[in-house]
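Shown below: start.cif, with mmCIF, C-alpha atoms.
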data_structure
loop_
_atom_site.group_PDB
_atom_site.id
_atom_site.type_symbol
_atom_site.label_atom_id
_atom_site.label_comp_id
_atom_site.auth_asym_id
_atom_site.auth_seq_id
_atom_site.Cartn_x
_atom_site.Cartn_y
_atom_site.Cartn_z
ATOM 1 C CA MET A 455 73.114 33.011 97.012
ATOM 2 C CA GLU A 456 73.093 36.761 97.786
ATOM 3 C CA THR A 457 74.287 36.196 101.353
ATOM 4 C CA CYS A 458 77.349 34.328 100.010
ATOM 5 C CA LEU A 459 78.437 37.141 97.666
ATOM 6 C CA THR A 460 80.461 40.203 98.613
ATOM 7 C CA PRO A 461 79.598 43.097 96.273
ATOM 8 C CA LEU A 462 82.412 45.266 94.916
ATOM 9 C CA PRO A 463 82.492 48.883 96.113
ATOM 10 C CA GLU A 464 80.609 51.401 93.998
ATOM 11 C CA VAL A 465 82.621 53.576 91.608
ATOM 12 C CA SER A 466 82.010 57.155 90.510
ATOM 13 C CA ASP A 467 82.912 56.714 86.833
ATOM 14 C CA SER A 468 83.664 54.015 84.255
ATOM 15 C CA GLN A 469 87.431 54.576 84.467
ATOM 16 C CA GLU A 470 87.641 53.833 88.199
ATOM 17 C CA LEU A 471 88.465 50.276 89.279
ATOM 18 C CA ALA A 472 85.988 48.767 91.729
ATOM 19 C CA GLY A 473 87.867 47.555 94.772
ATOM 20 C CA GLY A 474 91.026 49.494 93.931
ATOM 21 C CA GLU A 475 93.891 48.956 91.516
ATOM 22 C CA LEU A 476 96.239 46.074 92.257
ATOM 23 C CA ALA A 477 99.984 46.230 91.714
ATOM 24 C CA LYS A 478 101.658 43.720 89.438
ATOM 25 C CA TRP A 479 103.193 40.555 90.867
ATOM 26 C CA PRO A 480 105.439 40.315 92.826
ATOM 27 C CA GLU A 481 105.110 43.909 94.056
ATOM 28 C CA ARG A 482 101.480 43.335 95.074
ATOM 29 C CA LEU A 483 102.645 40.844 97.710
ATOM 30 C CA ASN A 484 104.080 43.608 99.897
ATOM 31 C CA VAL A 485 102.222 46.805 98.969
ATOM 32 C CA ILE A 486 99.249 47.852 101.098
ATOM 33 C CA PRO A 487 96.204 45.903 99.827
ATOM 34 C CA PRO A 488 93.300 48.127 98.674
ATOM 35 C CA ARG A 489 90.963 46.710 101.309
ATOM 36 C CA ILE A 490 93.324 47.891 104.027
ATOM 37 C CA SER A 491 94.076 51.275 102.490
ATOM 38 C CA ARG A 492 90.311 51.907 102.172
ATOM 39 C CA GLY A 493 89.758 50.943 105.816
ATOM 40 C CA SER A 494 87.451 48.047 104.896
ATOM 41 C CA ILE A 495 89.110 45.591 107.314
ATOM 42 C CA ASN A 496 88.118 46.540 110.833
ATOM 43 C CA GLY A 497 91.140 46.965 113.108
ATOM 44 C CA VAL A 498 93.779 46.520 110.369
ATOM 45 C CA THR A 499 95.681 49.617 109.273
ATOM 46 C CA ALA A 500 98.531 50.085 106.820
ATOM 47 C CA GLU A 501 100.951 50.272 109.743
ATOM 48 C CA ILE A 502 99.644 47.001 111.224
ATOM 49 C CA PHE A 503 100.000 45.333 107.825
ATOM 50 C CA GLN A 504 103.632 46.435 107.474
ATOM 51 C CA LEU A 505 104.486 45.406 111.030
ATOM 52 C CA ASN A 506 102.865 42.012 110.436
ATOM 53 C CA SER A 507 104.948 41.488 107.292
ATOM 54 C CA GLU A 508 108.170 42.257 109.169
ATOM 55 C CA LEU A 509 107.104 40.049 112.067
ATOM 56 C CA TRP A 510 106.667 37.027 109.785
ATOM 57 C CA LYS A 511 110.046 37.559 108.168
ATOM 58 C CA LYS A 512 111.543 37.381 111.655
ATOM 59 C CA ARG A 513 109.463 34.336 112.587
ATOM 60 C CA MET A 514 110.343 32.515 109.376
ATOM 61 C CA SER A 515 114.049 33.020 110.034
ATOM 62 C CA TYR A 516 113.554 31.471 113.455
ATOM 63 C CA TYR A 517 111.524 28.570 112.030
ATOM 64 C CA LYS A 518 114.300 27.779 109.557
ATOM 65 C CA ALA A 519 116.908 27.955 112.306
ATOM 66 C CA VAL A 520 115.032 25.353 114.376
ATOM 67 C CA ASN A 521 113.894 23.207 111.430
ATOM 68 C CA ASN A 522 116.691 23.541 108.871
ATOM 69 C CA GLN A 523 114.767 21.377 106.391
ATOM 70 C CA LEU A 524 112.319 24.257 105.925
ATOM 71 C CA GLY A 525 115.071 26.119 104.123
ATOM 72 C CA GLN A 526 116.037 23.202 101.875
ATOM 73 C CA PRO A 527 114.548 23.552 98.360
ATOM 74 C CA GLY A 528 112.327 20.603 97.494
ATOM 75 C CA ARG A 529 111.933 19.222 101.022
ATOM 76 C CA TYR A 530 108.423 20.664 101.302
ATOM 77 C CA ARG A 531 106.137 21.502 98.391
ATOM 78 C CA ASN A 532 102.534 21.834 99.541
ATOM 79 C CA LEU A 533 102.086 23.855 102.732
ATOM 80 C CA LEU A 534 98.970 24.640 104.751
ATOM 81 C CA ASP A 535 98.587 27.657 107.037
ATOM 82 C CA MET A 536 95.570 26.908 109.251
ATOM 83 C CA ASN A 537 95.139 30.477 110.526
ATOM 84 C CA ALA A 538 96.649 32.754 107.906
ATOM 85 C CA TYR A 539 95.368 36.196 109.064
ATOM 86 C CA LEU A 540 97.029 38.540 106.516
ATOM 87 C CA GLY A 541 99.055 35.853 104.742
ATOM 88 C CA GLY A 542 102.360 36.830 106.357
ATOM 89 C CA PHE A 543 103.555 33.236 106.715
ATOM 90 C CA ALA A 544 103.134 32.560 102.999
ATOM 91 C CA ALA A 545 104.598 35.934 102.014
ATOM 92 C CA ALA A 546 107.742 35.180 104.017
ATOM 93 C CA LEU A 547 108.251 32.070 101.849
ATOM 94 C CA VAL A 548 107.923 33.852 98.499
ATOM 95 C CA GLU A 549 111.537 33.097 97.525
ATOM 96 C CA ASP A 550 111.126 29.373 98.263
ATOM 97 C CA PRO A 551 109.750 26.810 95.750
ATOM 98 C CA VAL A 552 106.592 26.070 97.759
ATOM 99 C CA TRP A 553 102.825 26.423 97.376
ATOM 100 C CA VAL A 554 100.850 27.631 100.398
ATOM 101 C CA MET A 555 97.129 27.274 101.041
ATOM 102 C CA ASN A 556 96.101 30.118 103.356
ATOM 103 C CA VAL A 557 93.097 29.302 105.511
ATOM 104 C CA VAL A 558 90.955 31.901 107.254
ATOM 105 C CA PRO A 559 89.014 30.074 109.990
ATOM 106 C CA ALA A 560 85.271 30.588 109.787
ATOM 107 C CA ASP A 561 85.427 31.502 113.490
ATOM 108 C CA ALA A 562 88.116 34.180 113.096
ATOM 109 C CA LYS A 563 87.185 37.601 114.501
ATOM 110 C CA ILE A 564 88.256 39.382 111.295
ATOM 111 C CA ASN A 565 87.575 38.201 107.758
ATOM 112 C CA THR A 566 90.888 38.721 105.958
ATOM 113 C CA LEU A 567 90.504 36.388 102.982
ATOM 114 C CA GLY A 568 90.072 39.324 100.596
ATOM 115 C CA VAL A 569 93.431 40.731 101.720
ATOM 116 C CA ILE A 570 95.085 37.383 101.027
ATOM 117 C CA TYR A 571 93.757 37.384 97.465
ATOM 118 C CA GLU A 572 94.741 41.013 96.922
ATOM 119 C CA ARG A 573 98.299 40.075 97.880
ATOM 120 C CA GLY A 574 98.307 37.520 95.046
ATOM 121 C CA LEU A 575 98.039 34.514 97.364
ATOM 122 C CA ILE A 576 95.513 31.665 97.386
ATOM 123 C CA GLY A 577 93.178 30.973 100.289
ATOM 124 C CA THR A 578 89.916 29.567 101.572
ATOM 125 C CA TYR A 579 87.605 29.448 104.591
ATOM 126 C CA GLN A 580 87.498 26.452 106.918
ATOM 127 C CA ASN A 581 85.797 25.460 110.159
ATOM 128 C CA TRP A 582 88.461 23.365 111.888
ATOM 129 C CA CYS A 583 85.833 21.531 113.915
ATOM 130 C CA GLU A 584 84.900 19.889 110.598
ATOM 131 C CA ALA A 585 86.780 17.858 107.997
ATOM 132 C CA MET A 586 88.659 19.771 105.307
ATOM 133 C CA SER A 587 88.235 18.970 101.637
ATOM 134 C CA THR A 588 91.810 18.216 100.559
ATOM 135 C CA TYR A 589 91.207 16.971 97.000
ATOM 136 C CA PRO A 590 93.439 16.688 95.017
ATOM 137 C CA ARG A 591 96.365 17.000 97.451
ATOM 138 C CA THR A 592 97.607 16.304 100.933
ATOM 139 C CA TYR A 593 100.263 18.444 102.588
ATOM 140 C CA ASP A 594 103.969 18.157 103.417
ATOM 141 C CA PHE A 595 103.865 20.871 106.055
ATOM 142 C CA ILE A 596 101.187 22.367 108.323
ATOM 143 C CA HIS A 597 101.457 25.620 110.252
ATOM 144 C CA ALA A 598 98.925 26.493 112.959
ATOM 145 C CA ASP A 599 99.114 29.844 114.749
ATOM 146 C CA SER A 600 96.793 29.964 117.811
ATOM 147 C CA VAL A 601 94.310 27.584 116.164
ATOM 148 C CA PHE A 602 93.738 25.552 119.317
ATOM 149 C CA SER A 603 93.118 28.627 121.461
ATOM 150 C CA LEU A 604 90.638 29.860 118.857
ATOM 151 C CA TYR A 605 88.673 26.578 118.975
ATOM 152 C CA LYS A 606 89.112 25.959 122.704
ATOM 153 C CA ASP A 607 85.387 26.086 123.534
ATOM 154 C CA ARG A 608 84.112 24.893 120.171
ATOM 155 C CA CYS A 609 85.429 21.345 119.731
ATOM 156 C CA GLU A 610 87.956 18.882 121.110
ATOM 157 C CA MET A 611 91.613 19.346 120.216
ATOM 158 C CA GLU A 612 91.816 15.596 119.523
ATOM 159 C CA ASP A 613 89.401 16.053 116.610
ATOM 160 C CA ILE A 614 91.502 18.838 115.083
ATOM 161 C CA LEU A 615 94.722 16.859 115.513
ATOM 162 C CA LEU A 616 93.214 13.754 113.929
ATOM 163 C CA GLU A 617 92.182 15.843 110.921
ATOM 164 C CA MET A 618 95.696 17.275 110.723
ATOM 165 C CA ASP A 619 97.127 13.755 110.875
ATOM 166 C CA ARG A 620 94.826 12.688 108.030
ATOM 167 C CA ILE A 621 95.877 15.454 105.650
ATOM 168 C CA LEU A 622 99.591 15.414 106.559
ATOM 169 C CA ARG A 623 101.821 13.119 104.533
ATOM 170 C CA PRO A 624 104.073 10.606 106.307
ATOM 171 C CA GLU A 625 107.294 12.340 107.384
ATOM 172 C CA GLY A 626 105.579 15.693 106.931
ATOM 173 C CA SER A 627 106.227 18.455 109.463
ATOM 174 C CA VAL A 628 104.098 20.642 111.713
ATOM 175 C CA ILE A 629 104.685 23.893 113.566
ATOM 176 C CA LEU A 630 102.123 24.811 116.221
ATOM 177 C CA ARG A 631 102.247 28.230 117.890
ATOM 178 C CA ASP A 632 100.114 28.637 121.004
ATOM 179 C CA ASP A 633 100.024 29.114 124.769
ATOM 180 C CA VAL A 634 102.416 26.778 126.578
ATOM 181 C CA ASP A 635 99.625 25.056 128.547
ATOM 182 C CA VAL A 636 97.804 24.300 125.317
ATOM 183 C CA LEU A 637 100.944 22.900 123.693
ATOM 184 C CA VAL A 638 101.682 20.624 126.650
ATOM 185 C CA LYS A 639 98.230 19.043 126.237
ATOM 186 C CA ILE A 640 98.722 18.778 122.487
ATOM 187 C CA LYS A 641 102.077 17.030 122.880
ATOM 188 C CA ARG A 642 100.474 14.253 124.942
ATOM 189 C CA ILE A 643 98.083 13.607 122.067
ATOM 190 C CA THR A 644 100.665 13.864 119.266
ATOM 191 C CA ASP A 645 102.874 11.350 121.090
ATOM 192 C CA GLY A 646 99.966 8.910 120.755
ATOM 193 C CA LEU A 647 99.773 9.701 117.033
ATOM 194 C CA ASN A 648 103.421 8.632 116.595
ATOM 195 C CA TRP A 649 104.520 12.182 115.905
ATOM 196 C CA MET A 650 108.048 13.052 116.985
ATOM 197 C CA SER A 651 107.701 16.426 118.661
ATOM 198 C CA ARG A 652 109.358 18.945 120.928
ATOM 199 C CA ILE A 653 108.343 22.260 122.467
ATOM 200 C CA VAL A 654 110.752 25.152 121.968
ATOM 201 C CA ASP A 655 110.872 28.731 123.207
ATOM 202 C CA HIS A 656 109.324 31.715 121.477
ATOM 203 C CA GLU A 657 111.603 33.625 119.090
ATOM 204 C CA ASP A 658 111.686 36.463 121.645
ATOM 205 C CA GLY A 659 112.979 34.227 124.424
ATOM 206 C CA PRO A 660 111.897 31.834 127.186
ATOM 207 C CA HIS A 661 109.860 34.370 129.173
ATOM 208 C CA GLN A 662 107.016 34.422 126.614
ATOM 209 C CA ARG A 663 103.971 32.271 127.443
ATOM 210 C CA GLU A 664 103.536 31.537 123.753
ATOM 211 C CA LYS A 665 105.728 28.609 122.707
ATOM 212 C CA LEU A 666 106.244 26.546 119.558
ATOM 213 C CA LEU A 667 105.755 22.838 119.004
ATOM 214 C CA PHE A 668 107.798 21.351 116.155
ATOM 215 C CA ALA A 669 106.679 17.893 115.067
ATOM 216 C CA VAL A 670 107.236 15.306 112.347
ATOM 217 C CA LYS A 671 104.681 12.649 111.456
ATOM 218 C CA SER A 672 106.401 9.257 111.602
ATOM 219 C CA TYR A 673 106.164 6.775 108.757
ATOM 220 C CA TRP A 674 104.797 3.551 110.187
ATOM 221 C CA THR A 675 102.642 0.632 109.112
ATOM 222 C CA ALA A 676 100.496 -1.852 110.996
ATOM 223 C CA PRO A 677 102.104 -5.271 111.549
ATOM 224 C CA ALA A 678 101.352 -7.924 108.943
ATOM 225 C CA ALA A 679 98.492 -10.345 109.639
ATOM 226 C CA ALA A 680 100.935 -13.253 110.010
ATOM 227 C CA ASP A 681 102.874 -11.366 112.694
ATOM 228 C CA GLN A 682 99.670 -10.677 114.584
ATOM 229 C CA GLU A 683 98.596 -14.342 114.450
ATOM 230 C CA GLY A 684 102.011 -15.526 115.650
ATOM 231 C CA SER A 685 101.837 -13.292 118.692
ATOM 232 C CA PHE A 686 98.931 -15.202 120.244
#
In structure tokens, how does this file's structure come out?
Amino acid sequence: METCLTPLPEVSDSQELAGGELAKWPERLNVIPPRISRGSINGVTAEIFQLNSELWKKRMSYYKAVNNQLGQPGRYRNLLDMNAYLGGFAAALVEDPVWVMNVVPADAKINTLGVIYERGLIGTYQNWCEAMSTYPRTYDFIHADSVFSLYKDRCEMEDILLEMDRILRPEGSVILRDDVDVLVKIKRITDGLNWMSRIVDHEDGPHQREKLLFAVKSYWTAPAAADQEGSF
């Protein structure tokens, strides 16, 4: 089990807190997490953290402008962020009555799950080439930032989309953020899944290669046995 455990940093005296002192909620959501202030997360500085927080506030405003139901209290309850990074997506929803599961992909270049917990958020690891344990809940809303580019050479996008379809409730919504060529391929597949979808421009305008795919999983049922027999 030793390889699965991350030891706390050593302290110089009994009064010092291993790992750094955490602010009280809700302040801890936006203050610099101890892991970042100590320089424990390679390539993530305090300035990058603050810029990321502001970026997700801007992106969330754009999301709500395109999908106005995202701003309606009670429309979505359980949300899943498939590539959470620093938890900016969830932090931008702190004023909304939602619960967000923040996933750090096992294949991500930087392990940021500790930062997510230090912000007071909940999270987990997941390899999106494999099935996700969703007990005891499914999700009303799924957000995926660059997930398909991350897994481009690891598994088929059809497998990831089928897993998303399994854990997404009927009439649940999806926002995919990725390269436009990737999203065009994804849309062909989601059309076959009976998702209603459209590709929209990046929040910074149409000249960005990164685009957004907004989709809703349709509620549908297979025809009754009697209908099938009568069709022959």
**OP:** Check what the PyMOL selection byres ((chain A and resi 569) around 10) selects in the file above and give those residues as JSON, numbers by chain.
**Re:** {"A": [486, 487, 488, 489, 490, 494, 495, 539, 540, 541, 565, 566, 567, 568, 570, 571, 572, 573, 574, 575, 577]}
Subject >> Test item: the PyMOL selection byres ((chain A and resi 624) around 6) resolved as JSON, numbers by chain >> reply: {"A": [623, 625, 626, 671, 672, 673]}
Subject >> Selection under test: the PyMOL selection byres ((chain A and resi 543-554) around 10); residues as a PyMOL selection string >> reply: chain A and resi 480+483-484+506-515+524-535+537-542+555-557+570+573-577+593+595-597+599
Could those selected residues go to a file with C-alpha atoms, as a PDB file, in the coordinates of the input?
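The resulting file, out_11.pdb, is reproduced below:
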ATOM      1  CA  PRO A 480     105.439  40.315  92.826  1.00  0.00           C
ATOM      2  CA  LEU A 483     102.645  40.844  97.710  1.00  0.00           C
ATOM      3  CA  ASN A 484     104.080  43.608  99.897  1.00  0.00           C
ATOM      4  CA  ASN A 506     102.865  42.012 110.436  1.00  0.00           C
ATOM      5  CA  SER A 507     104.948  41.488 107.292  1.00  0.00           C
ATOM      6  CA  GLU A 508     108.170  42.257 109.169  1.00  0.00           C
ATOM      7  CA  LEU A 509     107.104  40.049 112.067  1.00  0.00           C
ATOM      8  CA  TRP A 510     106.667  37.027 109.785  1.00  0.00           C
ATOM      9  CA  LYS A 511     110.046  37.559 108.168  1.00  0.00           C
ATOM     10  CA  LYS A 512     111.543  37.381 111.655  1.00  0.00           C
ATOM     11  CA  ARG A 513     109.463  34.336 112.587  1.00  0.00           C
ATOM     12  CA  MET A 514     110.343  32.515 109.376  1.00  0.00           C
ATOM     13  CA  SER A 515     114.049  33.020 110.034  1.00  0.00           C
ATOM     14  CA  LEU A 524     112.319  24.257 105.925  1.00  0.00           C
ATOM     15  CA  GLY A 525     115.071  26.119 104.123  1.00  0.00           C
ATOM     16  CA  GLN A 526     116.037  23.202 101.875  1.00  0.00           C
ATOM     17  CA  PRO A 527     114.548  23.552  98.360  1.00  0.00           C
ATOM     18  CA  GLY A 528     112.327  20.603  97.494  1.00  0.00           C
ATOM     19  CA  ARG A 529     111.933  19.222 101.022  1.00  0.00           C
ATOM     20  CA  TYR A 530     108.423  20.664 101.302  1.00  0.00           C
ATOM     21  CA  ARG A 531     106.137  21.502  98.391  1.00  0.00           C
ATOM     22  CA  ASN A 532     102.534  21.834  99.541  1.00  0.00           C
ATOM     23  CA  LEU A 533     102.086  23.855 102.732  1.00  0.00           C
ATOM     24  CA  LEU A 534      98.970  24.640 104.751  1.00  0.00           C
ATOM     25  CA  ASP A 535      98.587  27.657 107.037  1.00  0.00           C
ATOM     26  CA  ASN A 537      95.139  30.477 110.526  1.00  0.00           C
ATOM     27  CA  ALA A 538      96.649  32.754 107.906  1.00  0.00           C
ATOM     28  CA  TYR A 539      95.368  36.196 109.064  1.00  0.00           C
ATOM     29  CA  LEU A 540      97.029  38.540 106.516  1.00  0.00           C
ATOM     30  CA  GLY A 541      99.055  35.853 104.742  1.00  0.00           C
ATOM     31  CA  GLY A 542     102.360  36.830 106.357  1.00  0.00           C
ATOM     32  CA  MET A 555      97.129  27.274 101.041  1.00  0.00           C
ATOM     33  CA  ASN A 556      96.101  30.118 103.356  1.00  0.00           C
ATOM     34  CA  VAL A 557      93.097  29.302 105.511  1.00  0.00           C
ATOM     35  CA  ILE A 570      95.085  37.383 101.027  1.00  0.00           C
ATOM     36  CA  ARG A 573      98.299  40.075  97.880  1.00  0.00           C
ATOM     37  CA  GLY A 574      98.307  37.520  95.046  1.00  0.00           C
ATOM     38  CA  LEU A 575      98.039  34.514  97.364  1.00  0.00           C
ATOM     39  CA  ILE A 576      95.513  31.665  97.386  1.00  0.00           C
ATOM     40  CA  GLY A 577      93.178  30.973 100.289  1.00  0.00           C
ATOM     41  CA  TYR A 593     100.263  18.444 102.588  1.00  0.00           C
ATOM     42  CA  PHE A 595     103.865  20.871 106.055  1.00  0.00           C
ATOM     43  CA  ILE A 596     101.187  22.367 108.323  1.00  0.00           C
ATOM     44  CA  HIS A 597     101.457  25.620 110.252  1.00  0.00           C
ATOM     45  CA  ASP A 599      99.114  29.844 114.749  1.00  0.00           C
TER      46      ASP A 599
END
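The nearest approach to A:Leu476 among the residues A:Trp582, A:Cys609, A:Arg663, A:Ser491, with all atoms listed in the file taken into account, belongs to A:Ser491.
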Original post:
Hey, can you check how far atom CA of A:Ile643 sits from atom CA of A:Lys563?
Top reply: 27.4 Å
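The space between atom CA of A:Val601 and atom CA of A:Val485 spans 27.0 Å.
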**OP:** Could you tell me which of A:Val654, A:Cys458, A:Trp649, A:Pro590 comes closest to A:Ala519 if we count only C-alpha atoms?
**Re:**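 Of A:Val654, A:Cys458, A:Trp649, A:Pro590, the one nearest A:Ala519, counting only C-alpha atoms, is A:Val654.
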Please, could N, CA and C atoms be added to stretch 560-592 of chain A and the result written as a PDB file, keeping the file's coordinate frame?
ATOM      1  N   ALA A 560      86.614  30.013 109.796  1.00  0.00           N
ATOM      2  CA  ALA A 560      85.271  30.588 109.787  1.00  0.00           C
ATOM      3  C   ALA A 560      84.958  31.288 111.098  1.00  0.00           C
ATOM      4  N   ASP A 561      85.659  30.919 112.176  1.00  0.00           N
ATOM      5  CA  ASP A 561      85.427  31.502 113.490  1.00  0.00           C
ATOM      6  C   ASP A 561      86.362  32.668 113.800  1.00  0.00           C
ATOM      7  N   ALA A 562      87.195  33.071 112.859  1.00  0.00           N
ATOM      8  CA  ALA A 562      88.116  34.180 113.096  1.00  0.00           C
ATOM      9  C   ALA A 562      87.335  35.475 113.329  1.00  0.00           C
ATOM     10  N   LYS A 563      87.874  36.347 114.173  1.00  0.00           N
ATOM     11  CA  LYS A 563      87.185  37.601 114.501  1.00  0.00           C
ATOM     12  C   LYS A 563      87.144  38.551 113.313  1.00  0.00           C
ATOM     13  N   ILE A 564      88.169  38.484 112.452  1.00  0.00           N
ATOM     14  CA  ILE A 564      88.256  39.382 111.295  1.00  0.00           C
ATOM     15  C   ILE A 564      88.357  38.554 110.025  1.00  0.00           C
ATOM     16  N   ASN A 565      87.538  38.895 109.038  1.00  0.00           N
ATOM     17  CA  ASN A 565      87.575  38.201 107.758  1.00  0.00           C
ATOM     18  C   ASN A 565      88.633  38.847 106.879  1.00  0.00           C
ATOM     19  N   THR A 566      89.755  38.161 106.701  1.00  0.00           N
ATOM     20  CA  THR A 566      90.888  38.721 105.958  1.00  0.00           C
ATOM     21  C   THR A 566      91.160  37.999 104.644  1.00  0.00           C
ATOM     22  N   LEU A 567      90.248  37.153 104.198  1.00  0.00           N
ATOM     23  CA  LEU A 567      90.504  36.388 102.982  1.00  0.00           C
ATOM     24  C   LEU A 567      90.687  37.294 101.771  1.00  0.00           C
ATOM     25  N   GLY A 568      89.929  38.389 101.712  1.00  0.00           N
ATOM     26  CA  GLY A 568      90.072  39.324 100.596  1.00  0.00           C
ATOM     27  C   GLY A 568      91.465  39.924 100.527  1.00  0.00           C
ATOM     28  N   VAL A 569      92.064  40.200 101.678  1.00  0.00           N
ATOM     29  CA  VAL A 569      93.431  40.731 101.720  1.00  0.00           C
ATOM     30  C   VAL A 569      94.413  39.711 101.161  1.00  0.00           C
ATOM     31  N   ILE A 570      94.208  38.450 101.521  1.00  0.00           N
ATOM     32  CA  ILE A 570      95.085  37.383 101.027  1.00  0.00           C
ATOM     33  C   ILE A 570      95.052  37.321  99.501  1.00  0.00           C
ATOM     34  N   TYR A 571      93.862  37.416  98.926  1.00  0.00           N
ATOM     35  CA  TYR A 571      93.757  37.384  97.465  1.00  0.00           C
ATOM     36  C   TYR A 571      94.356  38.640  96.840  1.00  0.00           C
ATOM     37  N   GLU A 572      94.174  39.785  97.483  1.00  0.00           N
ATOM     38  CA  GLU A 572      94.741  41.013  96.922  1.00  0.00           C
ATOM     39  C   GLU A 572      96.269  41.002  96.961  1.00  0.00           C
ATOM     40  N   ARG A 573      96.840  40.212  97.834  1.00  0.00           N
ATOM     41  CA  ARG A 573      98.299  40.075  97.880  1.00  0.00           C
ATOM     42  C   ARG A 573      98.813  39.124  96.801  1.00  0.00           C
ATOM     43  N   GLY A 574      97.900  38.470  96.075  1.00  0.00           N
ATOM     44  CA  GLY A 574      98.307  37.520  95.046  1.00  0.00           C
ATOM     45  C   GLY A 574      98.477  36.115  95.563  1.00  0.00           C
ATOM     46  N   LEU A 575      97.950  35.840  96.762  1.00  0.00           N
ATOM     47  CA  LEU A 575      98.039  34.514  97.364  1.00  0.00           C
ATOM     48  C   LEU A 575      96.715  33.778  97.194  1.00  0.00           C
ATOM     49  N   ILE A 576      96.721  32.489  97.494  1.00  0.00           N
ATOM     50  CA  ILE A 576      95.513  31.665  97.386  1.00  0.00           C
ATOM     51  C   ILE A 576      95.019  31.352  98.794  1.00  0.00           C
ATOM     52  N   GLY A 577      93.705  31.246  98.961  1.00  0.00           N
ATOM     53  CA  GLY A 577      93.178  30.973 100.289  1.00  0.00           C
ATOM     54  C   GLY A 577      91.761  30.456 100.263  1.00  0.00           C
ATOM     55  N   THR A 578      91.269  30.100 101.438  1.00  0.00           N
ATOM     56  CA  THR A 578      89.916  29.567 101.572  1.00  0.00           C
ATOM     57  C   THR A 578      89.456  29.734 103.006  1.00  0.00           C
ATOM     58  N   TYR A 579      88.158  29.492 103.237  1.00  0.00           N
ATOM     59  CA  TYR A 579      87.605  29.448 104.591  1.00  0.00           C
ATOM     60  C   TYR A 579      87.565  27.996 105.058  1.00  0.00           C
ATOM     61  N   GLN A 580      87.627  27.801 106.371  1.00  0.00           N
ATOM     62  CA  GLN A 580      87.498  26.452 106.918  1.00  0.00           C
ATOM     63  C   GLN A 580      87.081  26.525 108.383  1.00  0.00           C
ATOM     64  N   ASN A 581      86.133  25.680 108.757  1.00  0.00           N
ATOM     65  CA  ASN A 581      85.797  25.460 110.159  1.00  0.00           C
ATOM     66  C   ASN A 581      86.602  24.253 110.610  1.00  0.00           C
ATOM     67  N   TRP A 582      87.572  24.455 111.504  1.00  0.00           N
ATOM     68  CA  TRP A 582      88.461  23.365 111.888  1.00  0.00           C
ATOM     69  C   TRP A 582      87.828  22.372 112.845  1.00  0.00           C
ATOM     70  N   CYS A 583      86.577  22.570 113.193  1.00  0.00           N
ATOM     71  CA  CYS A 583      85.833  21.531 113.915  1.00  0.00           C
ATOM     72  C   CYS A 583      85.260  20.505 112.939  1.00  0.00           C
ATOM     73  N   GLU A 584      85.418  20.766 111.641  1.00  0.00           N
ATOM     74  CA  GLU A 584      84.900  19.889 110.598  1.00  0.00           C
ATOM     75  C   GLU A 584      86.051  19.419 109.706  1.00  0.00           C
ATOM     76  N   ALA A 585      85.768  18.383 108.921  1.00  0.00           N
ATOM     77  CA  ALA A 585      86.780  17.858 107.997  1.00  0.00           C
ATOM     78  C   ALA A 585      87.043  18.860 106.877  1.00  0.00           C
ATOM     79  N   MET A 586      88.278  18.880 106.400  1.00  0.00           N
ATOM     80  CA  MET A 586      88.659  19.771 105.307  1.00  0.00           C
ATOM     81  C   MET A 586      88.694  18.991 104.000  1.00  0.00           C
ATOM     82  N   SER A 587      88.150  19.576 102.953  1.00  0.00           N
ATOM     83  CA  SER A 587      88.235  18.970 101.637  1.00  0.00           C
ATOM     84  C   SER A 587      89.642  19.177 101.095  1.00  0.00           C
ATOM     85  N   THR A 588      90.413  18.105 100.976  1.00  0.00           N
ATOM     86  CA  THR A 588      91.810  18.216 100.559  1.00  0.00           C
ATOM     87  C   THR A 588      92.051  17.794  99.125  1.00  0.00           C
ATOM     88  N   TYR A 589      91.014  17.378  98.396  1.00  0.00           N
ATOM     89  CA  TYR A 589      91.207  16.971  97.000  1.00  0.00           C
ATOM     90  C   TYR A 589      91.764  18.143  96.198  1.00  0.00           C
ATOM     91  N   PRO A 590      92.789  17.961  95.369  1.00  0.00           N
ATOM     92  CA  PRO A 590      93.439  16.688  95.017  1.00  0.00           C
ATOM     93  C   PRO A 590      94.784  16.477  95.711  1.00  0.00           C
ATOM     94  N   ARG A 591      95.032  17.114  96.853  1.00  0.00           N
ATOM     95  CA  ARG A 591      96.365  17.000  97.451  1.00  0.00           C
ATOM     96  C   ARG A 591      96.287  16.849  98.968  1.00  0.00           C
ATOM     97  N   THR A 592      97.339  16.229  99.507  1.00  0.00           N
ATOM     98  CA  THR A 592      97.607  16.304 100.933  1.00  0.00           C
ATOM     99  C   THR A 592      98.786  17.262 101.110  1.00  0.00           C
TER     100      THR A 592
END
